[in-house]
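Okay, upload.cif now, which holds mmCIF, N, CA and C atoms:
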data_start
#
loop_
_atom_site.label_atom_id
_atom_site.label_comp_id
_atom_site.auth_asym_id
_atom_site.auth_seq_id
_atom_site.Cartn_x
_atom_site.Cartn_y
_atom_site.Cartn_z
N GLN K 1 0.83 -1.20 0.00
CA GLN K 1 0.00 0.00 0.00
C GLN K 1 0.87 1.25 0.00
N VAL K 2 0.41 2.25 -0.72
CA VAL K 2 1.08 3.54 -0.78
C VAL K 2 0.05 4.62 -0.45
N GLN K 3 0.44 5.54 0.41
CA GLN K 3 -0.43 6.67 0.74
C GLN K 3 0.19 7.95 0.20
N LEU K 4 -0.66 8.80 -0.37
CA LEU K 4 -0.22 10.03 -1.01
C LEU K 4 -1.08 11.19 -0.50
N VAL K 5 -0.43 12.27 -0.11
CA VAL K 5 -1.15 13.45 0.36
C VAL K 5 -0.57 14.69 -0.32
N GLU K 6 -1.39 15.35 -1.13
CA GLU K 6 -0.96 16.55 -1.85
C GLU K 6 -1.16 17.79 -0.98
N SER K 7 -0.36 18.80 -1.27
CA SER K 7 -0.50 20.11 -0.63
C SER K 7 0.11 21.16 -1.55
N GLY K 8 -0.15 22.41 -1.23
CA GLY K 8 0.48 23.50 -1.97
C GLY K 8 -0.40 24.21 -2.97
N GLY K 9 -1.62 23.71 -3.17
CA GLY K 9 -2.51 24.39 -4.09
C GLY K 9 -2.99 25.72 -3.53
N GLY K 10 -3.66 26.49 -4.37
CA GLY K 10 -4.18 27.78 -3.93
C GLY K 10 -4.58 28.64 -5.09
N LEU K 11 -4.77 29.92 -4.80
CA LEU K 11 -5.16 30.91 -5.79
C LEU K 11 -3.94 31.75 -6.15
N VAL K 12 -3.70 31.89 -7.43
CA VAL K 12 -2.55 32.66 -7.89
C VAL K 12 -2.95 33.43 -9.15
N GLN K 13 -2.32 34.56 -9.36
CA GLN K 13 -2.59 35.33 -10.57
C GLN K 13 -1.86 34.72 -11.76
N ALA K 14 -2.40 34.95 -12.93
CA ALA K 14 -1.75 34.48 -14.15
C ALA K 14 -0.33 35.03 -14.21
N GLY K 15 0.61 34.16 -14.62
CA GLY K 15 2.01 34.54 -14.64
C GLY K 15 2.77 34.19 -13.38
N GLY K 16 2.03 33.82 -12.34
CA GLY K 16 2.64 33.49 -11.08
C GLY K 16 3.11 32.05 -11.00
N SER K 17 3.57 31.66 -9.81
CA SER K 17 4.12 30.33 -9.60
C SER K 17 3.52 29.68 -8.36
N LEU K 18 3.49 28.36 -8.38
CA LEU K 18 3.12 27.56 -7.22
C LEU K 18 3.98 26.30 -7.23
N ARG K 19 4.21 25.74 -6.04
CA ARG K 19 4.88 24.45 -5.96
C ARG K 19 3.97 23.49 -5.20
N LEU K 20 3.58 22.43 -5.89
CA LEU K 20 2.79 21.39 -5.26
C LEU K 20 3.71 20.35 -4.65
N SER K 21 3.29 19.81 -3.53
CA SER K 21 4.03 18.74 -2.87
C SER K 21 3.14 17.53 -2.70
N CYS K 22 3.75 16.36 -2.68
CA CYS K 22 3.03 15.11 -2.45
C CYS K 22 3.84 14.30 -1.46
N ALA K 23 3.32 14.17 -0.26
CA ALA K 23 3.98 13.37 0.76
C ALA K 23 3.63 11.90 0.55
N THR K 24 4.64 11.07 0.55
CA THR K 24 4.47 9.65 0.23
C THR K 24 4.81 8.80 1.44
N SER K 25 4.01 7.78 1.70
CA SER K 25 4.29 6.85 2.79
C SER K 25 3.82 5.46 2.41
N GLY K 26 4.24 4.48 3.18
CA GLY K 26 3.87 3.10 2.89
C GLY K 26 4.99 2.37 2.16
N SER K 27 4.62 1.57 1.18
CA SER K 27 5.59 0.74 0.44
C SER K 27 6.30 1.57 -0.63
N ILE K 28 7.07 2.54 -0.17
CA ILE K 28 7.70 3.50 -1.08
C ILE K 28 8.70 2.82 -2.01
N SER K 29 9.40 1.82 -1.53
CA SER K 29 10.43 1.17 -2.33
C SER K 29 9.85 0.45 -3.54
N SER K 30 8.56 0.17 -3.52
CA SER K 30 7.93 -0.53 -4.65
C SER K 30 7.47 0.42 -5.75
N ILE K 31 7.58 1.72 -5.53
CA ILE K 31 7.10 2.70 -6.52
C ILE K 31 8.05 2.75 -7.71
N ALA K 32 7.50 2.57 -8.91
CA ALA K 32 8.31 2.64 -10.12
C ALA K 32 8.16 3.99 -10.82
N THR K 33 6.97 4.52 -10.79
CA THR K 33 6.67 5.76 -11.51
C THR K 33 5.79 6.64 -10.63
N MET K 34 6.04 7.94 -10.68
CA MET K 34 5.16 8.88 -10.01
C MET K 34 4.68 9.92 -11.03
N ARG K 35 3.47 10.40 -10.80
CA ARG K 35 2.82 11.26 -11.79
C ARG K 35 2.08 12.41 -11.12
N TRP K 36 1.85 13.44 -11.89
CA TRP K 36 0.88 14.47 -11.57
C TRP K 36 -0.16 14.49 -12.68
N HIS K 37 -1.39 14.40 -12.29
CA HIS K 37 -2.51 14.55 -13.22
C HIS K 37 -3.32 15.76 -12.78
N ARG K 38 -4.19 16.23 -13.63
CA ARG K 38 -5.11 17.30 -13.26
C ARG K 38 -6.45 17.09 -13.94
N GLN K 39 -7.46 17.65 -13.30
CA GLN K 39 -8.80 17.58 -13.87
C GLN K 39 -9.49 18.92 -13.67
N ALA K 40 -9.80 19.54 -14.79
CA ALA K 40 -10.53 20.80 -14.78
C ALA K 40 -12.03 20.53 -14.83
N PRO K 41 -12.85 21.46 -14.36
CA PRO K 41 -14.30 21.25 -14.38
C PRO K 41 -14.80 20.93 -15.78
N GLY K 42 -15.57 19.86 -15.89
CA GLY K 42 -16.16 19.49 -17.16
C GLY K 42 -15.20 18.84 -18.14
N LYS K 43 -13.97 18.57 -17.70
CA LYS K 43 -12.98 17.96 -18.60
C LYS K 43 -12.47 16.65 -18.02
N GLN K 44 -11.89 15.85 -18.89
CA GLN K 44 -11.31 14.59 -18.45
C GLN K 44 -9.99 14.83 -17.72
N ARG K 45 -9.66 13.90 -16.83
CA ARG K 45 -8.37 13.98 -16.15
C ARG K 45 -7.27 13.78 -17.19
N GLU K 46 -6.22 14.58 -17.09
CA GLU K 46 -5.10 14.47 -18.01
C GLU K 46 -3.79 14.39 -17.23
N GLN K 47 -2.84 13.67 -17.83
CA GLN K 47 -1.52 13.60 -17.22
C GLN K 47 -0.76 14.87 -17.52
N VAL K 48 -0.14 15.43 -16.48
CA VAL K 48 0.64 16.65 -16.61
C VAL K 48 2.12 16.34 -16.71
N ALA K 49 2.60 15.47 -15.82
CA ALA K 49 4.02 15.15 -15.78
C ALA K 49 4.21 13.79 -15.14
N MET K 50 5.33 13.17 -15.46
CA MET K 50 5.64 11.84 -14.94
C MET K 50 7.14 11.74 -14.72
N ILE K 51 7.54 11.04 -13.68
CA ILE K 51 8.95 10.77 -13.42
C ILE K 51 9.09 9.29 -13.11
N ILE K 52 10.02 8.65 -13.80
CA ILE K 52 10.22 7.22 -13.58
C ILE K 52 11.47 7.00 -12.74
N ARG K 53 11.59 5.80 -12.19
CA ARG K 53 12.76 5.46 -11.39
C ARG K 53 14.01 5.69 -12.21
N GLY K 54 14.94 6.40 -11.68
CA GLY K 54 16.13 6.77 -12.43
C GLY K 54 16.13 8.24 -12.80
N GLY K 55 14.93 8.85 -12.78
CA GLY K 55 14.86 10.29 -12.94
C GLY K 55 14.37 10.81 -14.27
N THR K 56 14.13 9.96 -15.23
CA THR K 56 13.63 10.44 -16.52
C THR K 56 12.24 11.04 -16.34
N THR K 57 12.03 12.18 -16.98
CA THR K 57 10.76 12.90 -16.84
C THR K 57 10.06 13.07 -18.18
N TYR K 58 8.74 13.19 -18.10
CA TYR K 58 7.92 13.42 -19.29
C TYR K 58 6.88 14.49 -18.92
N TYR K 59 6.54 15.32 -19.91
CA TYR K 59 5.60 16.41 -19.69
C TYR K 59 4.57 16.48 -20.80
N ALA K 60 3.37 16.89 -20.44
CA ALA K 60 2.38 17.21 -21.45
C ALA K 60 2.86 18.43 -22.22
N ASP K 61 2.52 18.50 -23.49
CA ASP K 61 2.94 19.63 -24.32
C ASP K 61 2.46 20.95 -23.74
N SER K 62 1.30 20.94 -23.11
CA SER K 62 0.70 22.17 -22.61
C SER K 62 1.48 22.78 -21.44
N VAL K 63 2.34 22.00 -20.79
CA VAL K 63 3.07 22.52 -19.63
C VAL K 63 4.57 22.47 -19.84
N LYS K 64 5.03 21.92 -20.93
CA LYS K 64 6.46 21.78 -21.17
C LYS K 64 7.13 23.14 -21.15
N GLY K 65 8.23 23.22 -20.41
CA GLY K 65 8.95 24.49 -20.30
C GLY K 65 8.46 25.37 -19.17
N ARG K 66 7.30 25.05 -18.60
CA ARG K 66 6.75 25.84 -17.49
C ARG K 66 6.70 25.06 -16.18
N PHE K 67 6.47 23.76 -16.27
CA PHE K 67 6.35 22.92 -15.08
C PHE K 67 7.56 22.01 -14.97
N THR K 68 7.94 21.70 -13.73
CA THR K 68 9.04 20.78 -13.47
C THR K 68 8.64 19.79 -12.39
N ILE K 69 8.73 18.51 -12.71
CA ILE K 69 8.45 17.47 -11.73
C ILE K 69 9.77 17.00 -11.13
N SER K 70 9.75 16.75 -9.83
CA SER K 70 10.96 16.26 -9.18
C SER K 70 10.57 15.38 -7.99
N ARG K 71 11.52 14.58 -7.58
CA ARG K 71 11.25 13.63 -6.50
C ARG K 71 12.43 13.68 -5.53
N ASP K 72 12.13 13.85 -4.26
CA ASP K 72 13.15 13.85 -3.21
C ASP K 72 13.02 12.53 -2.45
N MET K 73 13.92 11.61 -2.74
CA MET K 73 13.84 10.28 -2.13
C MET K 73 14.08 10.35 -0.62
N ALA K 74 14.93 11.25 -0.20
CA ALA K 74 15.24 11.36 1.24
C ALA K 74 14.04 11.84 2.04
N LYS K 75 13.22 12.68 1.40
CA LYS K 75 12.05 13.22 2.10
C LYS K 75 10.77 12.48 1.73
N ASN K 76 10.89 11.46 0.89
CA ASN K 76 9.70 10.72 0.43
C ASN K 76 8.65 11.67 -0.13
N ALA K 77 9.08 12.53 -1.01
CA ALA K 77 8.17 13.55 -1.53
C ALA K 77 8.31 13.70 -3.03
N LEU K 78 7.21 14.08 -3.63
CA LEU K 78 7.15 14.41 -5.06
C LEU K 78 6.72 15.87 -5.15
N TYR K 79 7.29 16.59 -6.11
CA TYR K 79 6.98 18.00 -6.27
C TYR K 79 6.57 18.31 -7.70
N LEU K 80 5.83 19.38 -7.84
CA LEU K 80 5.55 19.95 -9.16
C LEU K 80 5.71 21.46 -9.05
N GLN K 81 6.79 21.96 -9.62
CA GLN K 81 7.02 23.40 -9.67
C GLN K 81 6.30 23.94 -10.90
N MET K 82 5.40 24.86 -10.69
CA MET K 82 4.59 25.41 -11.78
C MET K 82 4.88 26.89 -11.92
N ASN K 83 5.43 27.28 -13.06
CA ASN K 83 5.75 28.68 -13.33
C ASN K 83 4.91 29.17 -14.50
N GLU K 84 4.86 30.48 -14.65
CA GLU K 84 4.12 31.10 -15.76
C GLU K 84 2.71 30.53 -15.86
N LEU K 85 2.04 30.46 -14.76
CA LEU K 85 0.72 29.85 -14.73
C LEU K 85 -0.29 30.62 -15.57
N LYS K 86 -1.18 29.86 -16.19
CA LYS K 86 -2.21 30.41 -17.05
C LYS K 86 -3.58 30.03 -16.48
N ALA K 87 -4.60 30.75 -16.92
CA ALA K 87 -5.95 30.46 -16.46
C ALA K 87 -6.34 29.01 -16.77
N GLU K 88 -5.87 28.51 -17.91
CA GLU K 88 -6.22 27.15 -18.31
C GLU K 88 -5.52 26.08 -17.48
N ASP K 89 -4.63 26.47 -16.58
CA ASP K 89 -4.01 25.52 -15.65
C ASP K 89 -4.90 25.27 -14.44
N THR K 90 -5.99 26.03 -14.33
CA THR K 90 -6.90 25.84 -13.21
C THR K 90 -7.49 24.43 -13.23
N ALA K 91 -7.34 23.72 -12.12
CA ALA K 91 -7.79 22.33 -12.04
C ALA K 91 -7.51 21.79 -10.64
N VAL K 92 -8.02 20.61 -10.38
CA VAL K 92 -7.59 19.85 -9.21
C VAL K 92 -6.41 18.99 -9.65
N TYR K 93 -5.32 19.08 -8.92
CA TYR K 93 -4.12 18.35 -9.26
C TYR K 93 -3.97 17.15 -8.34
N TYR K 94 -3.70 16.00 -8.95
CA TYR K 94 -3.60 14.74 -8.22
C TYR K 94 -2.20 14.15 -8.37
N CYS K 95 -1.69 13.65 -7.28
CA CYS K 95 -0.43 12.93 -7.27
C CYS K 95 -0.74 11.44 -7.39
N GLY K 96 0.05 10.73 -8.21
CA GLY K 96 -0.16 9.31 -8.39
C GLY K 96 1.14 8.54 -8.31
N ALA K 97 1.03 7.28 -7.93
CA ALA K 97 2.20 6.41 -7.84
C ALA K 97 1.85 5.04 -8.40
N ASP K 98 2.74 4.50 -9.20
CA ASP K 98 2.54 3.18 -9.79
C ASP K 98 3.53 2.19 -9.20
N THR K 99 3.02 1.06 -8.73
CA THR K 99 3.85 -0.06 -8.32
C THR K 99 3.60 -1.19 -9.32
N PRO K 100 4.35 -2.26 -9.25
CA PRO K 100 4.10 -3.38 -10.18
C PRO K 100 2.70 -3.96 -10.09
N ARG K 101 2.04 -3.77 -8.94
CA ARG K 101 0.72 -4.38 -8.76
C ARG K 101 -0.44 -3.39 -8.81
N ASN K 102 -0.21 -2.14 -8.42
CA ASN K 102 -1.32 -1.21 -8.27
C ASN K 102 -0.90 0.21 -8.62
N SER K 103 -1.92 1.03 -8.80
CA SER K 103 -1.73 2.47 -8.91
C SER K 103 -2.48 3.14 -7.76
N TYR K 104 -1.89 4.21 -7.24
CA TYR K 104 -2.46 4.90 -6.09
C TYR K 104 -2.58 6.38 -6.39
N TRP K 105 -3.58 7.01 -5.77
CA TRP K 105 -3.82 8.43 -6.00
C TRP K 105 -4.08 9.14 -4.68
N GLY K 106 -3.69 10.40 -4.64
CA GLY K 106 -4.02 11.24 -3.51
C GLY K 106 -5.40 11.83 -3.68
N GLN K 107 -5.78 12.68 -2.73
CA GLN K 107 -7.12 13.26 -2.73
C GLN K 107 -7.22 14.52 -3.60
N GLY K 108 -6.09 15.04 -4.01
CA GLY K 108 -6.09 16.21 -4.89
C GLY K 108 -5.94 17.52 -4.16
N THR K 109 -5.42 18.52 -4.87
CA THR K 109 -5.31 19.87 -4.33
C THR K 109 -5.72 20.85 -5.43
N GLN K 110 -6.51 21.83 -5.06
CA GLN K 110 -7.07 22.77 -6.03
C GLN K 110 -6.07 23.87 -6.38
N VAL K 111 -5.90 24.09 -7.66
CA VAL K 111 -5.10 25.21 -8.16
C VAL K 111 -6.03 26.09 -8.99
N THR K 112 -6.10 27.35 -8.62
CA THR K 112 -6.93 28.30 -9.34
C THR K 112 -6.07 29.46 -9.80
N VAL K 113 -6.07 29.71 -11.10
CA VAL K 113 -5.28 30.79 -11.68
C VAL K 113 -6.24 31.86 -12.18
N SER K 114 -6.12 33.05 -11.63
CA SER K 114 -7.00 34.16 -12.04
C SER K 114 -6.33 34.95 -13.15
N SER K 115 -7.14 35.32 -14.12
CA SER K 115 -6.60 36.05 -15.28
C SER K 115 -6.80 37.54 -15.12
#
Would you put the structure from the file into structure tokens?
Amino acid sequence: QVQLVESGGGLVQAGGSLRLSCATSGSISSIATMRWHRQAPGKQREQVAMIIRGGTTYYADSVKGRFTISRDMAKNALYLQMNELKAEDTAVYYCGADTPRNSYWGQGTQVTVSS
């Protein structure tokens, strides 16, 4: 079992920055991939960024160059640094973790970008 708790969301003006955090506990050593997804009102959940064991990262085209995913193994934490935020980044952001047997998700944190 893996437990994930997101934090760091809030209200920010367009052009501003936020850093989301995801505290991880449980069977951390079994995690192969960690992700950030988001879901805006009336839209499907979409993957924003992913980091695999070893550090390789992937980003959605819509956030490439603005968002950075990172993982601090010593602190058992996943981060998403979001810069140059746009109104269309408004969504609930979810942290996810994949193990060989299961995928786990946090409860989400709201990010609202005012234009």
Expected selection from the PyMOL selection byres (((chain K and resi 8 and name CA) around 9) and name CA), given as a list in words: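 After applying the PyMOL selection byres (((chain K and resi 8 and name CA) around 9) and name CA), what remains is Glu6, Ser7, Gly9, Gly10, Leu18, Arg19, Leu20, Ser21, Cys22, Thr109, Gln110 and Val111 of chain K.
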Strand (DSSP E or B) residues, from DSSP on the backbone, in stretch 33-85 of chain K, as a PyMOL selection string: chain K and resi 33-39+46-52+57-59+67-72+77-82
I need the chosen residues saved as a PDB file, in the frame of the given file, with N, CA and C atoms.
ATOM      1  N   THR K  33       6.970   4.520 -10.790  1.00  0.00           N
ATOM      2  CA  THR K  33       6.670   5.760 -11.510  1.00  0.00           C
ATOM      3  C   THR K  33       5.790   6.640 -10.630  1.00  0.00           C
ATOM      4  N   MET K  34       6.040   7.940 -10.680  1.00  0.00           N
ATOM      5  CA  MET K  34       5.160   8.880 -10.010  1.00  0.00           C
ATOM      6  C   MET K  34       4.680   9.920 -11.030  1.00  0.00           C
ATOM      7  N   ARG K  35       3.470  10.400 -10.800  1.00  0.00           N
ATOM      8  CA  ARG K  35       2.820  11.260 -11.790  1.00  0.00           C
ATOM      9  C   ARG K  35       2.080  12.410 -11.120  1.00  0.00           C
ATOM     10  N   TRP K  36       1.850  13.440 -11.890  1.00  0.00           N
ATOM     11  CA  TRP K  36       0.880  14.470 -11.570  1.00  0.00           C
ATOM     12  C   TRP K  36      -0.160  14.490 -12.680  1.00  0.00           C
ATOM     13  N   HIS K  37      -1.390  14.400 -12.290  1.00  0.00           N
ATOM     14  CA  HIS K  37      -2.510  14.550 -13.220  1.00  0.00           C
ATOM     15  C   HIS K  37      -3.320  15.760 -12.780  1.00  0.00           C
ATOM     16  N   ARG K  38      -4.190  16.230 -13.630  1.00  0.00           N
ATOM     17  CA  ARG K  38      -5.110  17.300 -13.260  1.00  0.00           C
ATOM     18  C   ARG K  38      -6.450  17.090 -13.940  1.00  0.00           C
ATOM     19  N   GLN K  39      -7.460  17.650 -13.300  1.00  0.00           N
ATOM     20  CA  GLN K  39      -8.800  17.580 -13.870  1.00  0.00           C
ATOM     21  C   GLN K  39      -9.490  18.920 -13.670  1.00  0.00           C
ATOM     22  N   GLU K  46      -6.220  14.580 -17.090  1.00  0.00           N
ATOM     23  CA  GLU K  46      -5.100  14.470 -18.010  1.00  0.00           C
ATOM     24  C   GLU K  46      -3.790  14.390 -17.230  1.00  0.00           C
ATOM     25  N   GLN K  47      -2.840  13.670 -17.830  1.00  0.00           N
ATOM     26  CA  GLN K  47      -1.520  13.600 -17.220  1.00  0.00           C
ATOM     27  C   GLN K  47      -0.760  14.870 -17.520  1.00  0.00           C
ATOM     28  N   VAL K  48      -0.140  15.430 -16.480  1.00  0.00           N
ATOM     29  CA  VAL K  48       0.640  16.650 -16.610  1.00  0.00           C
ATOM     30  C   VAL K  48       2.120  16.340 -16.710  1.00  0.00           C
ATOM     31  N   ALA K  49       2.600  15.470 -15.820  1.00  0.00           N
ATOM     32  CA  ALA K  49       4.020  15.150 -15.780  1.00  0.00           C
ATOM     33  C   ALA K  49       4.210  13.790 -15.140  1.00  0.00           C
ATOM     34  N   MET K  50       5.330  13.170 -15.460  1.00  0.00           N
ATOM     35  CA  MET K  50       5.640  11.840 -14.940  1.00  0.00           C
ATOM     36  C   MET K  50       7.140  11.740 -14.720  1.00  0.00           C
ATOM     37  N   ILE K  51       7.540  11.040 -13.680  1.00  0.00           N
ATOM     38  CA  ILE K  51       8.950  10.770 -13.420  1.00  0.00           C
ATOM     39  C   ILE K  51       9.090   9.290 -13.110  1.00  0.00           C
ATOM     40  N   ILE K  52      10.020   8.650 -13.800  1.00  0.00           N
ATOM     41  CA  ILE K  52      10.220   7.220 -13.580  1.00  0.00           C
ATOM     42  C   ILE K  52      11.470   7.000 -12.740  1.00  0.00           C
ATOM     43  N   THR K  57      12.030  12.180 -16.980  1.00  0.00           N
ATOM     44  CA  THR K  57      10.760  12.900 -16.840  1.00  0.00           C
ATOM     45  C   THR K  57      10.060  13.070 -18.180  1.00  0.00           C
ATOM     46  N   TYR K  58       8.740  13.190 -18.100  1.00  0.00           N
ATOM     47  CA  TYR K  58       7.920  13.420 -19.290  1.00  0.00           C
ATOM     48  C   TYR K  58       6.880  14.490 -18.920  1.00  0.00           C
ATOM     49  N   TYR K  59       6.540  15.320 -19.910  1.00  0.00           N
ATOM     50  CA  TYR K  59       5.600  16.410 -19.690  1.00  0.00           C
ATOM     51  C   TYR K  59       4.570  16.480 -20.800  1.00  0.00           C
ATOM     52  N   PHE K  67       6.470  23.760 -16.270  1.00  0.00           N
ATOM     53  CA  PHE K  67       6.350  22.920 -15.080  1.00  0.00           C
ATOM     54  C   PHE K  67       7.560  22.010 -14.970  1.00  0.00           C
ATOM     55  N   THR K  68       7.940  21.700 -13.730  1.00  0.00           N
ATOM     56  CA  THR K  68       9.040  20.780 -13.470  1.00  0.00           C
ATOM     57  C   THR K  68       8.640  19.790 -12.390  1.00  0.00           C
ATOM     58  N   ILE K  69       8.730  18.510 -12.710  1.00  0.00           N
ATOM     59  CA  ILE K  69       8.450  17.470 -11.730  1.00  0.00           C
ATOM     60  C   ILE K  69       9.770  17.000 -11.130  1.00  0.00           C
ATOM     61  N   SER K  70       9.750  16.750  -9.830  1.00  0.00           N
ATOM     62  CA  SER K  70      10.960  16.260  -9.180  1.00  0.00           C
ATOM     63  C   SER K  70      10.570  15.380  -7.990  1.00  0.00           C
ATOM     64  N   ARG K  71      11.520  14.580  -7.580  1.00  0.00           N
ATOM     65  CA  ARG K  71      11.250  13.630  -6.500  1.00  0.00           C
ATOM     66  C   ARG K  71      12.430  13.680  -5.530  1.00  0.00           C
ATOM     67  N   ASP K  72      12.130  13.850  -4.260  1.00  0.00           N
ATOM     68  CA  ASP K  72      13.150  13.850  -3.210  1.00  0.00           C
ATOM     69  C   ASP K  72      13.020  12.530  -2.450  1.00  0.00           C
ATOM     70  N   ALA K  77       9.080  12.530  -1.010  1.00  0.00           N
ATOM     71  CA  ALA K  77       8.170  13.550  -1.530  1.00  0.00           C
ATOM     72  C   ALA K  77       8.310  13.700  -3.030  1.00  0.00           C
ATOM     73  N   LEU K  78       7.210  14.080  -3.630  1.00  0.00           N
ATOM     74  CA  LEU K  78       7.150  14.410  -5.060  1.00  0.00           C
ATOM     75  C   LEU K  78       6.720  15.870  -5.150  1.00  0.00           C
ATOM     76  N   TYR K  79       7.290  16.590  -6.110  1.00  0.00           N
ATOM     77  CA  TYR K  79       6.980  18.000  -6.270  1.00  0.00           C
ATOM     78  C   TYR K  79       6.570  18.310  -7.700  1.00  0.00           C
ATOM     79  N   LEU K  80       5.830  19.380  -7.840  1.00  0.00           N
ATOM     80  CA  LEU K  80       5.550  19.950  -9.160  1.00  0.00           C
ATOM     81  C   LEU K  80       5.710  21.460  -9.050  1.00  0.00           C
ATOM     82  N   GLN K  81       6.790  21.960  -9.620  1.00  0.00           N
ATOM     83  CA  GLN K  81       7.020  23.400  -9.670  1.00  0.00           C
ATOM     84  C   GLN K  81       6.300  23.940 -10.900  1.00  0.00           C
ATOM     85  N   MET K  82       5.400  24.860 -10.690  1.00  0.00           N
ATOM     86  CA  MET K  82       4.590  25.410 -11.780  1.00  0.00           C
ATOM     87  C   MET K  82       4.880  26.890 -11.920  1.00  0.00           C
TER      88      MET K  82
END
Could you spell out the hits of the PyMOL selection byres ((chain K and resi 79) around 5) on the shown file, as a JSON list (two decimals) with N, CA and C atoms, in the coordinates of the input?
[["chain", "number", "residue", "atom", "x", "y", "z"],
["K", 20, "LEU", "N", 3.58, 22.43, -5.89],
["K", 20, "LEU", "CA", 2.79, 21.39, -5.26],
["K", 20, "LEU", "C", 3.71, 20.35, -4.65],
["K", 21, "SER", "N", 3.29, 19.81, -3.53],
["K", 21, "SER", "CA", 4.03, 18.74, -2.87],
["K", 21, "SER", "C", 3.14, 17.53, -2.70],
["K", 22, "CYS", "N", 3.75, 16.36, -2.68],
["K", 22, "CYS", "CA", 3.03, 15.11, -2.45],
["K", 22, "CYS", "C", 3.84, 14.30, -1.46],
["K", 69, "ILE", "N", 8.73, 18.51, -12.71],
["K", 69, "ILE", "CA", 8.45, 17.47, -11.73],
["K", 69, "ILE", "C", 9.77, 17.00, -11.13],
["K", 70, "SER", "N", 9.75, 16.75, -9.83],
["K", 70, "SER", "CA", 10.96, 16.26, -9.18],
["K", 70, "SER", "C", 10.57, 15.38, -7.99],
["K", 71, "ARG", "N", 11.52, 14.58, -7.58],
["K", 71, "ARG", "CA", 11.25, 13.63, -6.50],
["K", 71, "ARG", "C", 12.43, 13.68, -5.53],
["K", 77, "ALA", "N", 9.08, 12.53, -1.01],
["K", 77, "ALA", "CA", 8.17, 13.55, -1.53],
["K", 77, "ALA", "C", 8.31, 13.70, -3.03],
["K", 78, "LEU", "N", 7.21, 14.08, -3.63],
["K", 78, "LEU", "CA", 7.15, 14.41, -5.06],
["K", 78, "LEU", "C", 6.72, 15.87, -5.15],
["K", 80, "LEU", "N", 5.83, 19.38, -7.84],
["K", 80, "LEU", "CA", 5.55, 19.95, -9.16],
["K", 80, "LEU", "C", 5.71, 21.46, -9.05],
["K", 81, "GLN", "N", 6.79, 21.96, -9.62],
["K", 81, "GLN", "CA", 7.02, 23.40, -9.67],
["K", 81, "GLN", "C", 6.30, 23.94, -10.90]]
Using only N, CA and C atoms, can you list as number ranges by chain the residues within 7 Å of (1.7, 3.6, -13.4)? K: 32-34, 97-99, 102-103
Set up a box along x, y and z of the file covering all listed atoms of stretch 44-54 of chain K, add 6 Å on every one of the six sides, and write the centre and edge lengths in Å to one decimal, as lines of an AutoDock Vina configuration file.
center_x = 2.1
center_y = 11.1
center_z = -15.1
size_x = 40.0
size_y = 23.2
size_z = 19.5
Take the PyMOL selection byres ((chain K and resi 52) around 8), apply it to the structure above, and return the hits as a list in words.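 Applying the expression gives Ile31, Ala32, Thr33, Met34, Arg35, Ala49, Met50, Ile51, Arg53, Gly54, Gly55, Thr56, Thr57 and Tyr58 of chain K.
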Which distance in Å separates atom CA of K:Tyr104 and atom CA of K:Gln3, to one decimal? 7.3 Å
How many Å lie between atom CA of K:Asp61 and atom CA of K:Gly42, rounded to one decimal?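 Atom-to-atom, atom CA of K:Asp61 and atom CA of K:Gly42 are spaced 20.4 Å apart.
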Choose the residue, out of K:Trp36, K:Ala60, K:Ser115, K:Ala14, that has the smallest atom-to-atom separation from K:Gly96; count only N, CA and C atoms.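 Closest candidate: K:Trp36.
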